[in-house]
Amino acid sequence: MKSPEVSIVMAVWNATRTLPAALDSVLAQTFGNFELICVDDGSEDGSLDLLREYAAKDPRIRILPVPHGGACAALNAGLDSVRGSFVGFIDNDDAMHPQLLETALAAFGKGDFDIVVWDYYSVRDEIFDDAAFAPMPEIPPPKAISDGMAFAAEGSHNSFWCRLYRRRVFDGVRFEPSVIHGDMCLLWKIAPTPGLGLGHVPLPLYRYRVRDGSTVHSPWTEQKALDKVKIIRVIHGYHAGNRKVLSRLRKELFAEMAWSSY
């Protein structure tokens, strides 16, 4: 297999019910020069066997079994093994528009971008598999975003999976496995980086599954509040050498996070 241009990383744990829709959406991409790195996080429900069935049919799928350590640790293992010049992510219960990679890569060619971001829409779990992506309209040119921190703070653009990154963005940057929502640490390590080129394609190219009981939609607990405080500490420590960035983070992110934890 030739060297892939894009590496897509997926963490998998006990996902046999939702995994086929996610895998099928990646394999249906109109841009085909990619690898899909599926990191099996010690699944116990047959997910690994399902991945092997798919990999036997498509050599672009690479399976990386690891001991169970949580999604962030699994994603880090995937990042450590990427080969593509660009890196993207998909959750094991979501889906990509067939033209997502084609559209995002075209956007990179229209600006000096390190990251290209797109929109998503949410679908309830019980109707997710019956939903379909709308036909792609005329694709608008990407909009250059001058303030990556403010853009990431918007509720609709604060996910790590609705972005395609140049591989170099992850030099020295990884997810934070020690806290719930360690993916938030990754987003806020990257978003305030000075000089980072960000482009936005205003199209819903990703379908997000809303499931009751998931980490995001589970009831608020003391542990989740304590983890918010840990996240603040991680992000603060990462940007400790940049006073300007820290000042903005304190005003525009940490205050809100501390209030929500309270």
# chains A, B, ... in the order shown; residues from 1 in each chain; ligands from 1
$ closest_atom_pairs --of "stretch 15-112 of chain A" --to "stretch 122-145 of chain A" --cutoff "8 Å" --atoms "only C-alpha atoms" --output "tab-separated table"
residue	atom	partner	partner_atom	distance
A:Ala21	CA	A:Asp129	CA	7.1
A:His97	CA	A:Phe133	CA	6.2
A:Gln99	CA	A:Met136	CA	7.8
A:Thr103	CA	A:Ile139	CA	7.8
A:Ala107	CA	A:Pro142	CA	5.8
A:Lys110	CA	A:Pro142	CA	7.3
A:Gly111	CA	A:Ala144	CA	7.5
$ write_last_selection --atoms "N, CA and C atoms" --output "compact mmCIF listing (two decimals), in the first residue's frame"
# COMPACT_ATOMS: atom_id res chain seq x y z
N ALA A 21 -21.66 1.66 11.13
CA ALA A 21 -22.00 2.93 10.49
C ALA A 21 -20.79 3.85 10.40
N HIS A 97 -19.58 12.59 6.23
CA HIS A 97 -20.12 12.79 4.90
C HIS A 97 -19.16 12.17 3.89
N GLN A 99 -18.03 13.11 1.18
CA GLN A 99 -17.09 14.05 0.57
C GLN A 99 -16.30 14.86 1.59
N THR A 103 -13.43 17.50 0.48
CA THR A 103 -13.73 18.92 0.71
C THR A 103 -12.67 19.57 1.59
N ALA A 107 -9.86 22.55 0.68
CA ALA A 107 -9.77 23.80 1.44
C ALA A 107 -8.33 24.13 1.79
N LYS A 110 -6.56 26.18 -0.70
CA LYS A 110 -7.07 27.53 -0.97
C LYS A 110 -6.67 28.54 0.10
N GLY A 111 -5.75 28.15 0.97
CA GLY A 111 -5.30 29.07 2.01
C GLY A 111 -4.12 28.49 2.76
$ residues_around --residues "A:Val117" --least-positions-apart "6" --cutoff "12 Å" --atoms "only C-alpha atoms" --output "PyMOL selection string"
chain A and resi 88-89+100-101+103-105+107-108+142-145+148+151-152+156-166+191+197-206
$ write_last_selection --atoms "N, CA and C atoms" --output "compact mmCIF listing (two decimals), in the first residue's frame"
# COMPACT_ATOMS: atom_id res chain seq x y z
N GLY A 88 -6.97 13.17 10.94
CA GLY A 88 -8.35 13.44 11.35
C GLY A 88 -8.82 12.39 12.33
N PHE A 89 -10.01 12.59 12.87
CA PHE A 89 -10.55 11.68 13.88
C PHE A 89 -12.03 11.42 13.59
N LEU A 100 -16.28 14.39 2.83
CA LEU A 100 -15.59 15.16 3.88
C LEU A 100 -14.11 15.35 3.56
N LEU A 101 -13.40 14.28 3.34
CA LEU A 101 -11.96 14.40 3.10
C LEU A 101 -11.67 15.18 1.82
N THR A 103 -13.43 17.50 0.48
CA THR A 103 -13.73 18.92 0.71
C THR A 103 -12.67 19.57 1.59
N ALA A 104 -12.28 18.89 2.67
CA ALA A 104 -11.30 19.47 3.59
C ALA A 104 -9.94 19.63 2.92
N LEU A 105 -9.52 18.65 2.16
CA LEU A 105 -8.23 18.74 1.49
C LEU A 105 -8.22 19.84 0.44
N ALA A 107 -9.86 22.55 0.68
CA ALA A 107 -9.77 23.80 1.44
C ALA A 107 -8.33 24.13 1.79
N PHE A 108 -7.52 23.11 2.12
CA PHE A 108 -6.11 23.36 2.41
C PHE A 108 -5.41 24.00 1.21
N PRO A 142 -13.24 28.20 1.75
CA PRO A 142 -13.04 28.24 3.21
C PRO A 142 -12.82 29.68 3.68
N LYS A 143 -13.30 29.95 4.86
CA LYS A 143 -13.11 31.26 5.46
C LYS A 143 -11.94 31.21 6.43
N ALA A 144 -10.99 32.11 6.26
CA ALA A 144 -9.84 32.17 7.17
C ALA A 144 -10.29 32.71 8.52
N ILE A 145 -9.94 32.02 9.59
CA ILE A 145 -10.29 32.42 10.95
C ILE A 145 -9.07 33.05 11.59
N GLY A 148 -8.27 31.87 16.51
CA GLY A 148 -8.58 30.47 16.76
C GLY A 148 -9.14 30.21 18.13
N PHE A 151 -12.83 31.25 18.16
CA PHE A 151 -13.58 30.32 17.31
C PHE A 151 -13.82 29.00 18.04
N ALA A 152 -12.79 28.50 18.74
CA ALA A 152 -12.93 27.24 19.47
C ALA A 152 -13.89 27.36 20.64
N SER A 156 -20.44 25.42 18.78
CA SER A 156 -20.54 24.54 17.62
C SER A 156 -19.18 24.19 17.02
N HIS A 157 -18.10 24.74 17.55
CA HIS A 157 -16.78 24.49 16.97
C HIS A 157 -15.75 24.10 18.02
N ASN A 158 -16.21 23.48 19.12
CA ASN A 158 -15.29 23.15 20.20
C ASN A 158 -15.01 21.65 20.29
N SER A 159 -15.10 20.96 19.16
CA SER A 159 -14.80 19.53 19.13
C SER A 159 -13.48 19.30 18.40
N PHE A 160 -12.78 18.25 18.78
CA PHE A 160 -11.52 17.94 18.10
C PHE A 160 -11.76 17.11 16.85
N TRP A 161 -12.94 16.45 16.74
CA TRP A 161 -13.16 15.54 15.62
C TRP A 161 -13.72 16.22 14.37
N CYS A 162 -14.13 17.46 14.44
CA CYS A 162 -14.58 18.17 13.24
C CYS A 162 -13.47 19.01 12.65
N ARG A 163 -12.27 18.46 12.61
CA ARG A 163 -11.10 19.17 12.12
C ARG A 163 -10.17 18.20 11.41
N LEU A 164 -9.53 18.69 10.36
CA LEU A 164 -8.44 17.96 9.72
C LEU A 164 -7.18 18.78 9.93
N TYR A 165 -6.14 18.12 10.45
CA TYR A 165 -4.93 18.81 10.89
C TYR A 165 -3.74 18.42 10.01
N ARG A 166 -2.85 19.35 9.79
CA ARG A 166 -1.54 18.95 9.29
C ARG A 166 -0.84 18.18 10.41
N ALA A 191 -5.65 25.27 20.16
CA ALA A 191 -6.40 26.44 19.69
C ALA A 191 -5.71 27.78 19.91
N GLY A 197 -2.66 28.69 11.33
CA GLY A 197 -3.62 29.02 10.28
C GLY A 197 -4.85 28.14 10.36
N LEU A 198 -6.03 28.77 10.43
CA LEU A 198 -7.29 28.04 10.60
C LEU A 198 -8.27 28.42 9.52
N GLY A 199 -8.82 27.43 8.83
CA GLY A 199 -9.83 27.67 7.81
C GLY A 199 -11.12 26.96 8.15
N HIS A 200 -12.25 27.58 7.84
CA HIS A 200 -13.56 27.02 8.18
C HIS A 200 -14.39 26.80 6.93
N VAL A 201 -14.86 25.56 6.74
CA VAL A 201 -15.79 25.22 5.67
C VAL A 201 -17.18 25.12 6.30
N PRO A 202 -18.09 26.06 5.99
CA PRO A 202 -19.40 26.10 6.67
C PRO A 202 -20.40 25.08 6.12
N LEU A 203 -20.04 23.81 6.21
CA LEU A 203 -20.92 22.74 5.75
C LEU A 203 -20.98 21.65 6.83
N PRO A 204 -22.15 21.06 7.08
CA PRO A 204 -22.28 19.99 8.07
C PRO A 204 -21.78 18.66 7.49
N LEU A 205 -20.51 18.39 7.66
CA LEU A 205 -19.87 17.22 7.05
C LEU A 205 -19.72 16.05 8.01
N TYR A 206 -20.29 16.16 9.20
CA TYR A 206 -20.10 15.13 10.22
C TYR A 206 -21.43 14.95 10.95
$ atom_distance --atom1 "atom CA of A:Phe34" --atom2 "atom CA of A:Gly195"
27.5 Å
$ select_by_dssp --residues "stretch 22-239 of chain A" --states "helix (DSSP H, G or I)" --output "number ranges by chain"
A: 22-27, 47-57, 71-79, 100-108, 125-130, 148-153, 155-157, 167-170, 182-190, 222-238
$ residues_around --residues "A:Val229" --least-positions-apart "2" --cutoff "8 Å" --atoms "only C-alpha atoms" --output "list of chain:residue names"
A:Ala225, A:Leu226, A:Asp227, A:Ile231, A:Ile232, A:Arg233, A:Met257, A:Ala258, A:Ser261
$ write_last_selection --atoms "C-alpha atoms" --output "compact mmCIF listing (two decimals), in the first residue's frame"
# COMPACT_ATOMS: atom_id res chain seq x y z
CA ALA A 225 -16.50 19.00 38.34
CA LEU A 226 -13.15 18.02 39.78
CA ASP A 227 -11.98 16.96 36.34
CA ILE A 231 -8.36 20.39 32.82
CA ILE A 232 -7.77 24.02 33.76
CA ARG A 233 -4.52 23.03 35.44
CA MET A 257 -15.13 26.40 33.27
CA ALA A 258 -14.69 27.21 36.94
CA SER A 261 -17.76 23.29 37.91
$ atom_distance --atom1 "atom CA of A:Thr221" --atom2 "atom CA of A:His68"
23.2 Å
$ residues_around --residues "A:Trp13" --least-positions-apart "3" --cutoff "12 Å" --atoms "only C-alpha atoms" --output "PyMOL selection string"
chain A and resi 10+16-19+38-48+50-51+65-75+91-93
$ atom_distance --atom1 "atom CA of A:Arg52" --atom2 "atom CA of A:Ala95"
19.5 Å
$ select_by_dssp --residues "stretch 49-201 of chain A" --states "strand (DSSP E)" --output "VMD selection string"
chain A and resid 61 to 66 86 to 89 95 to 96 115 to 124 143 to 145 163 to 166 198 to 201
$ closest_atom_pairs --of "stretch 117-170 of chain A" --to "stretch 241-254 of chain A" --cutoff "9 Å" --atoms "only C-alpha atoms" --output "JSON lines"
{"residue": "A:Met149", "atom": "CA", "partner": "A:Leu249", "partner_atom": "CA", "distance": 8.5}
{"residue": "A:Ala150", "atom": "CA", "partner": "A:Glu252", "partner_atom": "CA", "distance": 8.1}
{"residue": "A:Ala153", "atom": "CA", "partner": "A:Leu253", "partner_atom": "CA", "distance": 7.5}
$ closest_residue --among "A:Asn33, A:Ser7, A:Ser25, A:Ser260" --to "A:Asp94" --atoms "only C-alpha atoms"
A:Ser25
$ closest_residue --among "A:His181, A:Arg209, A:Arg83, A:Lys57" --to "A:Ala22" --atoms "only C-alpha atoms"
A:Arg209
$ decode --residues "stretch 131-162 of chain A" --atoms "N, CA and C atoms" --output "PDB file, in the first residue's frame"
ATOM      1  N   ALA A 131     -30.754   8.174   9.291  1.00  0.00           N
ATOM      2  CA  ALA A 131     -30.464   9.514   8.782  1.00  0.00           C
ATOM      3  C   ALA A 131     -29.521   9.421   7.584  1.00  0.00           C
ATOM      4  N   ALA A 132     -29.559  10.450   6.759  1.00  0.00           N
ATOM      5  CA  ALA A 132     -28.692  10.484   5.576  1.00  0.00           C
ATOM      6  C   ALA A 132     -28.129  11.880   5.413  1.00  0.00           C
ATOM      7  N   PHE A 133     -26.910  11.956   4.902  1.00  0.00           N
ATOM      8  CA  PHE A 133     -26.323  13.254   4.630  1.00  0.00           C
ATOM      9  C   PHE A 133     -27.001  13.897   3.433  1.00  0.00           C
ATOM     10  N   ALA A 134     -27.212  15.193   3.519  1.00  0.00           N
ATOM     11  CA  ALA A 134     -27.797  15.922   2.404  1.00  0.00           C
ATOM     12  C   ALA A 134     -26.801  15.964   1.254  1.00  0.00           C
ATOM     13  N   PRO A 135     -27.307  15.993   0.021  1.00  0.00           N
ATOM     14  CA  PRO A 135     -26.395  16.129  -1.121  1.00  0.00           C
ATOM     15  C   PRO A 135     -25.533  17.371  -0.960  1.00  0.00           C
ATOM     16  N   MET A 136     -24.295  17.271  -1.374  1.00  0.00           N
ATOM     17  CA  MET A 136     -23.363  18.383  -1.228  1.00  0.00           C
ATOM     18  C   MET A 136     -23.756  19.537  -2.145  1.00  0.00           C
ATOM     19  N   PRO A 137     -23.999  20.702  -1.580  1.00  0.00           N
ATOM     20  CA  PRO A 137     -24.292  21.861  -2.425  1.00  0.00           C
ATOM     21  C   PRO A 137     -22.993  22.363  -3.049  1.00  0.00           C
ATOM     22  N   GLU A 138     -23.072  23.454  -3.751  1.00  0.00           N
ATOM     23  CA  GLU A 138     -21.847  24.066  -4.253  1.00  0.00           C
ATOM     24  C   GLU A 138     -20.968  24.404  -3.055  1.00  0.00           C
ATOM     25  N   ILE A 139     -19.737  23.964  -3.107  1.00  0.00           N
ATOM     26  CA  ILE A 139     -18.871  24.091  -1.943  1.00  0.00           C
ATOM     27  C   ILE A 139     -18.316  25.505  -1.858  1.00  0.00           C
ATOM     28  N   PRO A 140     -18.609  26.223  -0.777  1.00  0.00           N
ATOM     29  CA  PRO A 140     -18.092  27.588  -0.625  1.00  0.00           C
ATOM     30  C   PRO A 140     -16.602  27.564  -0.314  1.00  0.00           C
ATOM     31  N   PRO A 141     -15.890  28.623  -0.639  1.00  0.00           N
ATOM     32  CA  PRO A 141     -14.475  28.677  -0.287  1.00  0.00           C
ATOM     33  C   PRO A 141     -14.323  28.737   1.224  1.00  0.00           C
ATOM     34  N   PRO A 142     -13.239  28.200   1.752  1.00  0.00           N
ATOM     35  CA  PRO A 142     -13.042  28.244   3.207  1.00  0.00           C
ATOM     36  C   PRO A 142     -12.821  29.680   3.676  1.00  0.00           C
ATOM     37  N   LYS A 143     -13.304  29.953   4.862  1.00  0.00           N
ATOM     38  CA  LYS A 143     -13.115  31.263   5.463  1.00  0.00           C
ATOM     39  C   LYS A 143     -11.939  31.209   6.427  1.00  0.00           C
ATOM     40  N   ALA A 144     -10.985  32.114   6.258  1.00  0.00           N
ATOM     41  CA  ALA A 144      -9.841  32.165   7.169  1.00  0.00           C
ATOM     42  C   ALA A 144     -10.294  32.710   8.517  1.00  0.00           C
ATOM     43  N   ILE A 145      -9.942  32.022   9.594  1.00  0.00           N
ATOM     44  CA  ILE A 145     -10.295  32.421  10.950  1.00  0.00           C
ATOM     45  C   ILE A 145      -9.073  33.053  11.593  1.00  0.00           C
ATOM     46  N   SER A 146      -9.180  34.297  11.966  1.00  0.00           N
ATOM     47  CA  SER A 146      -8.026  35.015  12.510  1.00  0.00           C
ATOM     48  C   SER A 146      -7.830  34.770  14.006  1.00  0.00           C
ATOM     49  N   ASP A 147      -8.900  34.398  14.707  1.00  0.00           N
ATOM     50  CA  ASP A 147      -8.821  34.210  16.156  1.00  0.00           C
ATOM     51  C   ASP A 147      -9.246  32.782  16.492  1.00  0.00           C
ATOM     52  N   GLY A 148      -8.274  31.870  16.510  1.00  0.00           N
ATOM     53  CA  GLY A 148      -8.578  30.468  16.759  1.00  0.00           C
ATOM     54  C   GLY A 148      -9.137  30.208  18.135  1.00  0.00           C
ATOM     55  N   MET A 149      -8.741  31.008  19.127  1.00  0.00           N
ATOM     56  CA  MET A 149      -9.231  30.809  20.483  1.00  0.00           C
ATOM     57  C   MET A 149     -10.717  31.147  20.592  1.00  0.00           C
ATOM     58  N   ALA A 150     -11.103  32.287  20.048  1.00  0.00           N
ATOM     59  CA  ALA A 150     -12.510  32.683  20.087  1.00  0.00           C
ATOM     60  C   ALA A 150     -13.366  31.715  19.276  1.00  0.00           C
ATOM     61  N   PHE A 151     -12.831  31.253  18.158  1.00  0.00           N
ATOM     62  CA  PHE A 151     -13.576  30.321  17.315  1.00  0.00           C
ATOM     63  C   PHE A 151     -13.816  29.003  18.044  1.00  0.00           C
ATOM     64  N   ALA A 152     -12.794  28.503  18.743  1.00  0.00           N
ATOM     65  CA  ALA A 152     -12.932  27.242  19.468  1.00  0.00           C
ATOM     66  C   ALA A 152     -13.895  27.365  20.640  1.00  0.00           C
ATOM     67  N   ALA A 153     -14.041  28.577  21.170  1.00  0.00           N
ATOM     68  CA  ALA A 153     -14.932  28.781  22.312  1.00  0.00           C
ATOM     69  C   ALA A 153     -16.398  28.716  21.921  1.00  0.00           C
ATOM     70  N   GLU A 154     -16.697  28.845  20.618  1.00  0.00           N
ATOM     71  CA  GLU A 154     -18.080  28.740  20.177  1.00  0.00           C
ATOM     72  C   GLU A 154     -18.565  27.310  20.403  1.00  0.00           C
ATOM     73  N   GLY A 155     -19.780  27.178  20.854  1.00  0.00           N
ATOM     74  CA  GLY A 155     -20.314  25.861  21.163  1.00  0.00           C
ATOM     75  C   GLY A 155     -20.322  24.897  19.999  1.00  0.00           C
ATOM     76  N   SER A 156     -20.444  25.416  18.777  1.00  0.00           N
ATOM     77  CA  SER A 156     -20.538  24.536  17.616  1.00  0.00           C
ATOM     78  C   SER A 156     -19.178  24.191  17.018  1.00  0.00           C
ATOM     79  N   HIS A 157     -18.100  24.737  17.553  1.00  0.00           N
ATOM     80  CA  HIS A 157     -16.776  24.489  16.967  1.00  0.00           C
ATOM     81  C   HIS A 157     -15.748  24.096  18.023  1.00  0.00           C
ATOM     82  N   ASN A 158     -16.213  23.484  19.123  1.00  0.00           N
ATOM     83  CA  ASN A 158     -15.291  23.147  20.197  1.00  0.00           C
ATOM     84  C   ASN A 158     -15.012  21.652  20.286  1.00  0.00           C
ATOM     85  N   SER A 159     -15.104  20.956  19.158  1.00  0.00           N
ATOM     86  CA  SER A 159     -14.796  19.532  19.126  1.00  0.00           C
ATOM     87  C   SER A 159     -13.479  19.301  18.400  1.00  0.00           C
ATOM     88  N   PHE A 160     -12.783  18.252  18.781  1.00  0.00           N
ATOM     89  CA  PHE A 160     -11.518  17.939  18.105  1.00  0.00           C
ATOM     90  C   PHE A 160     -11.757  17.110  16.848  1.00  0.00           C
ATOM     91  N   TRP A 161     -12.939  16.445  16.742  1.00  0.00           N
ATOM     92  CA  TRP A 161     -13.162  15.543  15.615  1.00  0.00           C
ATOM     93  C   TRP A 161     -13.716  16.222  14.374  1.00  0.00           C
ATOM     94  N   CYS A 162     -14.127  17.458  14.444  1.00  0.00           N
ATOM     95  CA  CYS A 162     -14.584  18.165  13.242  1.00  0.00           C
ATOM     96  C   CYS A 162     -13.470  19.012  12.654  1.00  0.00           C
TER      97      CYS A 162
END
